[in-house]
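Reproduced below: run-v1.csv, with CSV, C-alpha atoms and all ligand atoms.
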chain,number,residue,atom,x,y,z
A,1,MET,CA,84.4,72.8,112.5
A,2,ASP,CA,85.8,74.4,109.3
A,3,LYS,CA,85.2,78.1,109.9
A,4,LYS,CA,83.9,79.6,106.6
A,5,GLN,CA,85.5,82.9,105.7
A,6,VAL,CA,83.0,85.6,104.7
A,7,ALA,CA,84.1,88.9,103.2
A,8,ILE,CA,81.8,91.9,103.8
A,9,VAL,CA,82.3,95.0,101.8
A,10,GLY,CA,81.2,98.1,103.8
A,11,ALA,CA,81.1,99.0,107.5
A,12,GLY,CA,77.9,101.0,107.5
A,13,VAL,CA,74.7,99.9,109.2
A,14,SER,CA,74.3,97.0,106.7
A,15,GLY,CA,77.9,95.8,107.0
A,16,LEU,CA,77.8,95.9,110.8
A,17,LEU,CA,74.6,93.8,110.8
A,18,ALA,CA,76.0,91.4,108.3
A,19,CYS,CA,79.2,91.0,110.4
A,20,LYS,CA,77.2,90.5,113.7
A,21,TYR,CA,75.0,87.8,112.2
A,22,ARG,CA,77.9,86.0,110.5
A,23,LEU,CA,79.7,85.9,113.8
A,24,SER,CA,76.7,84.6,115.6
A,25,LYS,CA,76.5,81.8,113.1
A,26,GLY,CA,80.1,80.8,113.7
A,27,PHE,CA,81.6,82.2,110.5
A,28,HIS,CA,84.8,84.2,110.2
A,29,PRO,CA,83.8,87.6,108.8
A,30,ILE,CA,86.2,90.2,107.5
A,31,VAL,CA,84.8,93.6,106.8
A,32,PHE,CA,86.5,95.9,104.4
A,33,ASP,CA,85.9,99.7,104.3
A,34,THR,CA,87.6,102.4,102.4
A,35,GLU,CA,87.0,104.8,105.3
A,36,PRO,CA,88.9,105.0,108.6
A,37,ASP,CA,85.8,104.5,110.7
A,38,ILE,CA,82.5,102.6,110.8
A,39,GLY,CA,79.2,104.3,110.1
A,40,GLY,CA,79.1,104.7,106.3
A,41,VAL,CA,77.0,107.7,105.5
A,42,TRP,CA,76.6,108.7,109.2
A,43,ALA,CA,80.3,109.3,109.4
A,44,LYS,CA,80.0,111.9,106.7
A,45,THR,CA,76.8,113.8,107.2
A,46,ILE,CA,77.0,117.5,107.9
A,47,LYS,CA,76.7,118.5,111.6
A,48,THR,CA,73.0,119.6,111.5
A,49,THR,CA,71.7,116.4,109.9
A,50,THR,CA,69.3,114.4,112.0
A,51,LEU,CA,67.5,111.1,111.4
A,52,GLN,CA,64.3,111.6,109.5
A,53,THR,CA,62.9,108.3,110.6
A,54,PRO,CA,61.7,108.2,114.3
A,55,LYS,CA,64.4,106.5,116.3
A,56,THR,CA,62.1,103.6,117.4
A,57,LEU,CA,61.9,102.6,113.7
A,58,TYR,CA,65.7,103.0,113.2
A,59,GLN,CA,67.2,100.8,115.8
A,60,PHE,CA,68.7,97.3,116.0
A,61,SER,CA,66.1,94.9,117.3
A,62,ASP,CA,68.6,93.5,119.8
A,63,PHE,CA,70.2,96.8,120.8
A,64,PRO,CA,67.9,99.7,121.7
A,65,TRP,CA,68.9,103.3,121.7
A,66,PRO,CA,70.4,104.4,125.0
A,67,THR,CA,68.0,106.2,127.4
A,68,SER,CA,70.3,109.2,127.2
A,69,VAL,CA,69.1,109.8,123.6
A,70,THR,CA,65.8,111.4,124.3
A,71,ASP,CA,65.1,113.1,120.9
A,72,VAL,CA,62.8,111.3,118.5
A,73,PHE,CA,65.1,112.2,115.7
A,74,PRO,CA,68.7,111.8,116.9
A,75,THR,CA,71.5,113.8,115.4
A,76,GLY,CA,74.1,112.4,113.1
A,77,GLN,CA,76.6,112.3,115.9
A,78,GLN,CA,74.2,110.4,118.2
A,79,ILE,CA,73.6,107.9,115.4
A,80,LEU,CA,77.3,107.4,114.9
A,81,ASP,CA,77.8,106.9,118.7
A,82,TYR,CA,75.0,104.4,118.7
A,83,LEU,CA,76.6,102.5,115.8
A,84,ARG,CA,79.9,102.5,117.6
A,85,SER,CA,78.3,101.2,120.8
A,86,TYR,CA,76.7,98.4,118.7
A,87,ALA,CA,79.9,97.5,117.0
A,88,THR,CA,81.8,97.5,120.4
A,89,HIS,CA,79.1,95.6,122.2
A,90,PHE,CA,79.0,92.8,119.7
A,91,GLY,CA,82.8,92.7,119.3
A,92,LEU,CA,82.7,93.7,115.6
A,93,ILE,CA,85.6,96.2,115.5
A,94,PRO,CA,88.4,93.5,115.4
A,95,HIS,CA,86.8,92.1,112.3
A,96,ILE,CA,86.9,95.4,110.4
A,97,GLN,CA,89.8,96.4,108.2
A,98,PHE,CA,89.7,100.1,107.5
A,99,HIS,CA,91.4,102.1,104.8
A,100,SER,CA,90.7,99.1,102.6
A,101,ARG,CA,89.1,99.6,99.2
A,102,VAL,CA,87.7,96.5,97.4
A,103,LYS,CA,88.8,96.9,93.9
A,104,GLY,CA,87.7,93.6,92.4
A,105,ILE,CA,85.9,90.3,93.2
A,106,SER,CA,86.2,87.1,91.2
A,107,TYR,CA,84.9,83.6,91.6
A,108,ASP,CA,87.3,80.8,91.1
A,109,GLY,CA,85.6,77.4,90.8
A,110,PRO,CA,83.2,75.3,88.9
A,111,SER,CA,79.8,76.9,88.1
A,112,SER,CA,77.2,74.6,86.8
A,113,GLU,CA,74.1,76.8,86.8
A,114,THR,CA,73.2,80.3,85.9
A,115,TRP,CA,74.7,83.2,87.8
A,116,SER,CA,71.3,84.1,89.2
A,117,LEU,CA,72.1,81.4,91.8
A,118,TRP,CA,74.8,81.8,94.4
A,119,ASN,CA,78.3,80.9,93.2
A,120,GLY,CA,76.7,79.7,90.0
A,121,THR,CA,76.1,76.4,91.8
A,122,GLY,CA,73.0,77.2,93.8
A,123,GLU,CA,74.9,76.5,97.0
A,124,PRO,CA,76.1,79.3,99.4
A,125,PHE,CA,79.2,77.2,100.1
A,126,PRO,CA,80.0,74.9,97.2
A,127,PRO,CA,82.4,72.0,97.9
A,128,GLU,CA,84.8,73.6,95.5
A,129,GLY,CA,85.2,77.2,94.6
A,130,LYS,CA,86.4,80.4,96.4
A,131,TRP,CA,86.0,84.1,95.9
A,132,ASN,CA,89.1,86.2,95.4
A,133,VAL,CA,88.6,89.7,96.8
A,134,THR,CA,91.2,92.3,95.7
A,135,VAL,CA,91.7,94.9,98.4
A,136,GLU,CA,93.9,98.0,98.1
A,137,SER,CA,95.1,99.9,101.1
A,138,THR,CA,94.2,103.6,100.8
A,139,GLN,CA,97.2,104.4,103.0
A,140,THR,CA,100.0,102.4,101.3
A,141,ALA,CA,98.4,101.6,97.9
A,142,ILE,CA,99.5,98.0,98.5
A,143,THR,CA,97.1,95.5,97.0
A,144,GLN,CA,96.3,92.1,98.6
A,145,VAL,CA,94.0,89.3,97.5
A,146,TYR,CA,91.8,87.6,100.1
A,147,THR,CA,90.4,84.2,99.3
A,148,VAL,CA,87.0,83.6,101.0
A,149,ASP,CA,84.0,81.3,100.9
A,150,PHE,CA,81.3,83.9,100.5
A,151,VAL,CA,81.0,87.7,99.8
A,152,ILE,CA,78.4,90.1,101.1
A,153,LEU,CA,78.2,93.5,99.5
A,154,CYS,CA,77.0,96.3,101.8
A,155,LEU,CA,78.1,99.2,99.7
A,156,GLY,CA,75.3,101.6,100.4
A,157,ARG,CA,73.3,103.6,97.9
A,158,PHE,CA,74.4,107.1,98.8
A,159,ARG,CA,78.1,106.9,98.3
A,160,GLY,CA,79.5,110.3,97.6
A,161,PHE,CA,76.1,111.8,98.4
A,162,CYS,CA,77.3,113.4,101.7
A,163,ASP,CA,80.6,114.5,100.2
A,164,SER,CA,78.7,116.7,97.8
A,165,MET,CA,76.7,118.5,100.4
A,166,PRO,CA,75.8,121.1,101.1
A,167,GLY,CA,74.4,122.2,97.8
A,168,LYS,CA,77.3,121.6,95.5
A,169,ILE,CA,75.0,119.6,93.2
A,170,GLN,CA,71.6,120.9,92.6
A,171,GLY,CA,69.0,118.7,94.3
A,172,CYS,CA,71.5,117.1,96.5
A,173,SER,CA,70.2,118.5,99.7
A,174,LYS,CA,67.1,116.4,99.3
A,175,HIS,CA,66.6,112.8,100.1
A,176,THR,CA,63.3,110.9,99.8
A,177,GLY,CA,61.6,114.2,99.4
A,178,ILE,CA,62.5,115.7,102.8
A,179,PRO,CA,64.9,118.6,102.8
A,180,TYR,CA,67.6,117.8,105.3
A,181,ARG,CA,68.0,121.3,106.5
A,182,LYS,CA,64.4,121.5,107.7
A,183,ARG,CA,65.6,119.2,110.4
A,184,ALA,CA,68.6,121.4,111.1
A,185,ARG,CA,68.8,122.7,114.6
A,201,LIG,C1,72.1,112.3,104.9
A,201,LIG,C2,71.4,111.0,104.9
A,201,LIG,C3,70.3,110.8,105.8
A,201,LIG,C4,69.6,109.6,105.9
A,201,LIG,N1,68.6,109.5,106.7
A,201,LIG,C5,67.9,108.3,106.8
A,201,LIG,C6,66.8,108.1,107.7
A,201,LIG,O1,66.4,109.0,108.4
A,201,LIG,N2,66.2,106.9,107.8
A,201,LIG,C7,66.6,105.9,107.0
A,201,LIG,O2,66.0,104.8,107.1
A,201,LIG,N3,67.6,106.0,106.1
A,201,LIG,C8,68.3,107.2,106.0
A,201,LIG,N4,69.4,107.3,105.2
A,201,LIG,C9,69.7,106.2,104.4
A,201,LIG,C10,71.0,105.5,104.9
A,201,LIG,O3,71.8,105.4,103.8
A,201,LIG,C11,70.7,104.1,105.5
A,201,LIG,O4,69.8,104.3,106.6
A,201,LIG,C12,71.9,103.4,106.0
A,201,LIG,O5,72.7,104.2,106.9
A,201,LIG,C13,72.7,102.8,104.9
A,201,LIG,O6,73.7,102.0,105.4
A,201,LIG,P1,74.5,101.0,104.5
A,201,LIG,O7,75.5,100.2,105.4
A,201,LIG,O8,73.6,100.3,103.6
A,201,LIG,O9,75.3,102.0,103.5
A,201,LIG,P2,76.4,103.1,103.8
A,201,LIG,O10,76.2,103.8,105.1
A,201,LIG,O11,76.5,103.9,102.6
A,201,LIG,O12,77.8,102.3,104.0
A,201,LIG,C14,78.4,101.7,102.9
A,201,LIG,C15,79.9,101.6,103.2
A,201,LIG,O13,80.5,100.9,102.2
A,201,LIG,C16,81.8,101.4,102.0
A,201,LIG,N5,82.2,101.0,100.6
A,201,LIG,C17,81.6,101.3,99.5
A,201,LIG,N6,82.3,100.8,98.4
A,201,LIG,C18,83.4,100.2,99.0
A,201,LIG,C19,84.5,99.5,98.4
A,201,LIG,N7,84.7,99.4,97.1
A,201,LIG,N8,85.5,99.1,99.2
A,201,LIG,C20,85.4,99.2,100.6
A,201,LIG,N9,84.3,99.9,101.1
A,201,LIG,C21,83.4,100.4,100.4
A,201,LIG,C22,81.7,102.9,102.2
A,201,LIG,O14,82.9,103.5,102.5
A,201,LIG,C23,80.6,102.9,103.3
A,201,LIG,O15,81.3,103.0,104.6
A,201,LIG,C24,70.0,108.5,105.1
A,201,LIG,C25,71.1,108.7,104.2
A,201,LIG,C26,71.8,109.9,104.1
A,201,LIG,C27,72.9,110.1,103.1

Hey, can you dump this file as structure tokens for me?
Ligand SMILES: Cc1cc2nc3c(=O)[nH]c(=O)nc-3n(C[C@H](O)[C@H](O)[C@H](O)COP(=O)(O)OP(=O)(O)OC[C@H]3O[C@@H](n4cnc5c(N)ncnc54)[C@H](O)[C@@H]3O)c2cc1C
Amino acid sequence: MDKKQVAIVGAGVSGLLACKYRLSKGFHPIVFDTEPDIGGVWAKTIKTTTLQTPKTLYQFSDFPWPTSVTDVFPTGQQILDYLRSYATHFGLIPHIQFHSRVKGISYDGPSSETWSLWNGTGEPFPPEGKWNVTVESTQTAITQVYTVDFVILCLGRFRGFCDSMPGKIQGCSKHTGIPYRKRAR
């Protein structure tokens, strides 16, 4: 079978999930992340940050928290460890390319319909047409173009949010109305 290539941008929770499920469907995913590690925001939170959501509501349906994590609101480090275990357990790490910033994405192929539909054709994998993903190494500044059949964006909403903490930008210590430091230990 022709293995479809799927580019996934971002190796946070969303990107890991996207990668796991693409693999389970027999696709060939390649995940790009600017950072040197998985985890997205959880790789960047300050030490005292804990989950605000009870852990039972913040877990992979097919990979429960380890019994060693007894707190209802695990720490950022525990979350990161959990994500690493997930990625290792499902063999995701070899599919992730770190230090890789996606700088541009373009579609090369016929598009017969409006762009509110996938690929402009309404088909996830049109018979013709590919996506060109331009990726720059943050280590060497070398740019490479990857040609794939489908692209999934898992960029996150809070990029830069953690970098600005604590308190460099007014209001930045709050998220969904709950002050982070109230959960500080
Ligand atoms: C401090 C903090 C506490 C939070 N607490 C909770 C909580 O208790 N409960 C809850 O449900 N949610 C919480 N969230 C929300 C959290 O963002 C999500 O739960 C989840 O971790 C988001 O994952 P993600 O993969 O969508 O995005 P992210 O974790 O942001 O990952 C996106 C990834 O994309 C990469 N990326 C972005 N652009 C590019 C590019 N151009 N090229 C390559 N890579 C790129 C980034 O480097 C990053 O690794 C919290 C967020 C923050 C910041």

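Here CA of Gln97 in chain A is placed at a distance of 13.7 Å from CA of Thr140 in chain A.
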
Within 7 Å of ligand LIG 201 (chain A), counting all atoms listed in the file, residues as a ChimeraX atom specification: /A:9-15,32-35,38-42,45,49,51-53,58,100-103,154-159,161-162

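CA of Arg84 in chain A is positioned 25.9 Å from CA of Tyr146 in chain A.
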
Ser85 in chain A environment, 12 Å, only C-alpha atoms, sequence neighbours closer than 2 positions dropped, as a list in words: Leu16, Ile38, Gly39, Phe60, Phe63, Pro64, Trp65, Pro66, Gln78, Ile79, Leu80, Asp81, Tyr82, Leu83, Ala87, Thr88, His89, Phe90, Gly91, Leu92 and Ile93 of chain A

Interatomic distance, CA of His28 in chain A to CA of Ile152 in chain A (Å, one decimal): 12.6 Å

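The nearest approach to Glu136 in chain A among the residues A:Phe98, A:Asp71, A:Ile8, A:Ala18, with all atoms listed in the file taken into account, belongs to A:Phe98.
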
From A:Val145, A:Val6, A:Ile30, A:Ile96, residue lying nearest Phe125 in chain A [all atoms listed in the file]: A:Val6

Residue among A:Pro36, A:Pro124, A:Gly76, A:Pro110 lying closest to Val148 in chain A, counting all atoms listed in the file: A:Pro124

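For the residues A:Pro74, A:Pro127, A:Pro29, A:Tyr107, ranking by smallest atom-to-atom distance to Lys3 in chain A using all atoms listed in the file places A:Pro29 first.
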
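Considering all atoms listed in the file, the residue among A:Leu57, A:Lys44, A:Asp62, A:Lys4 positioned nearest to Lys20 in chain A is A:Asp62.
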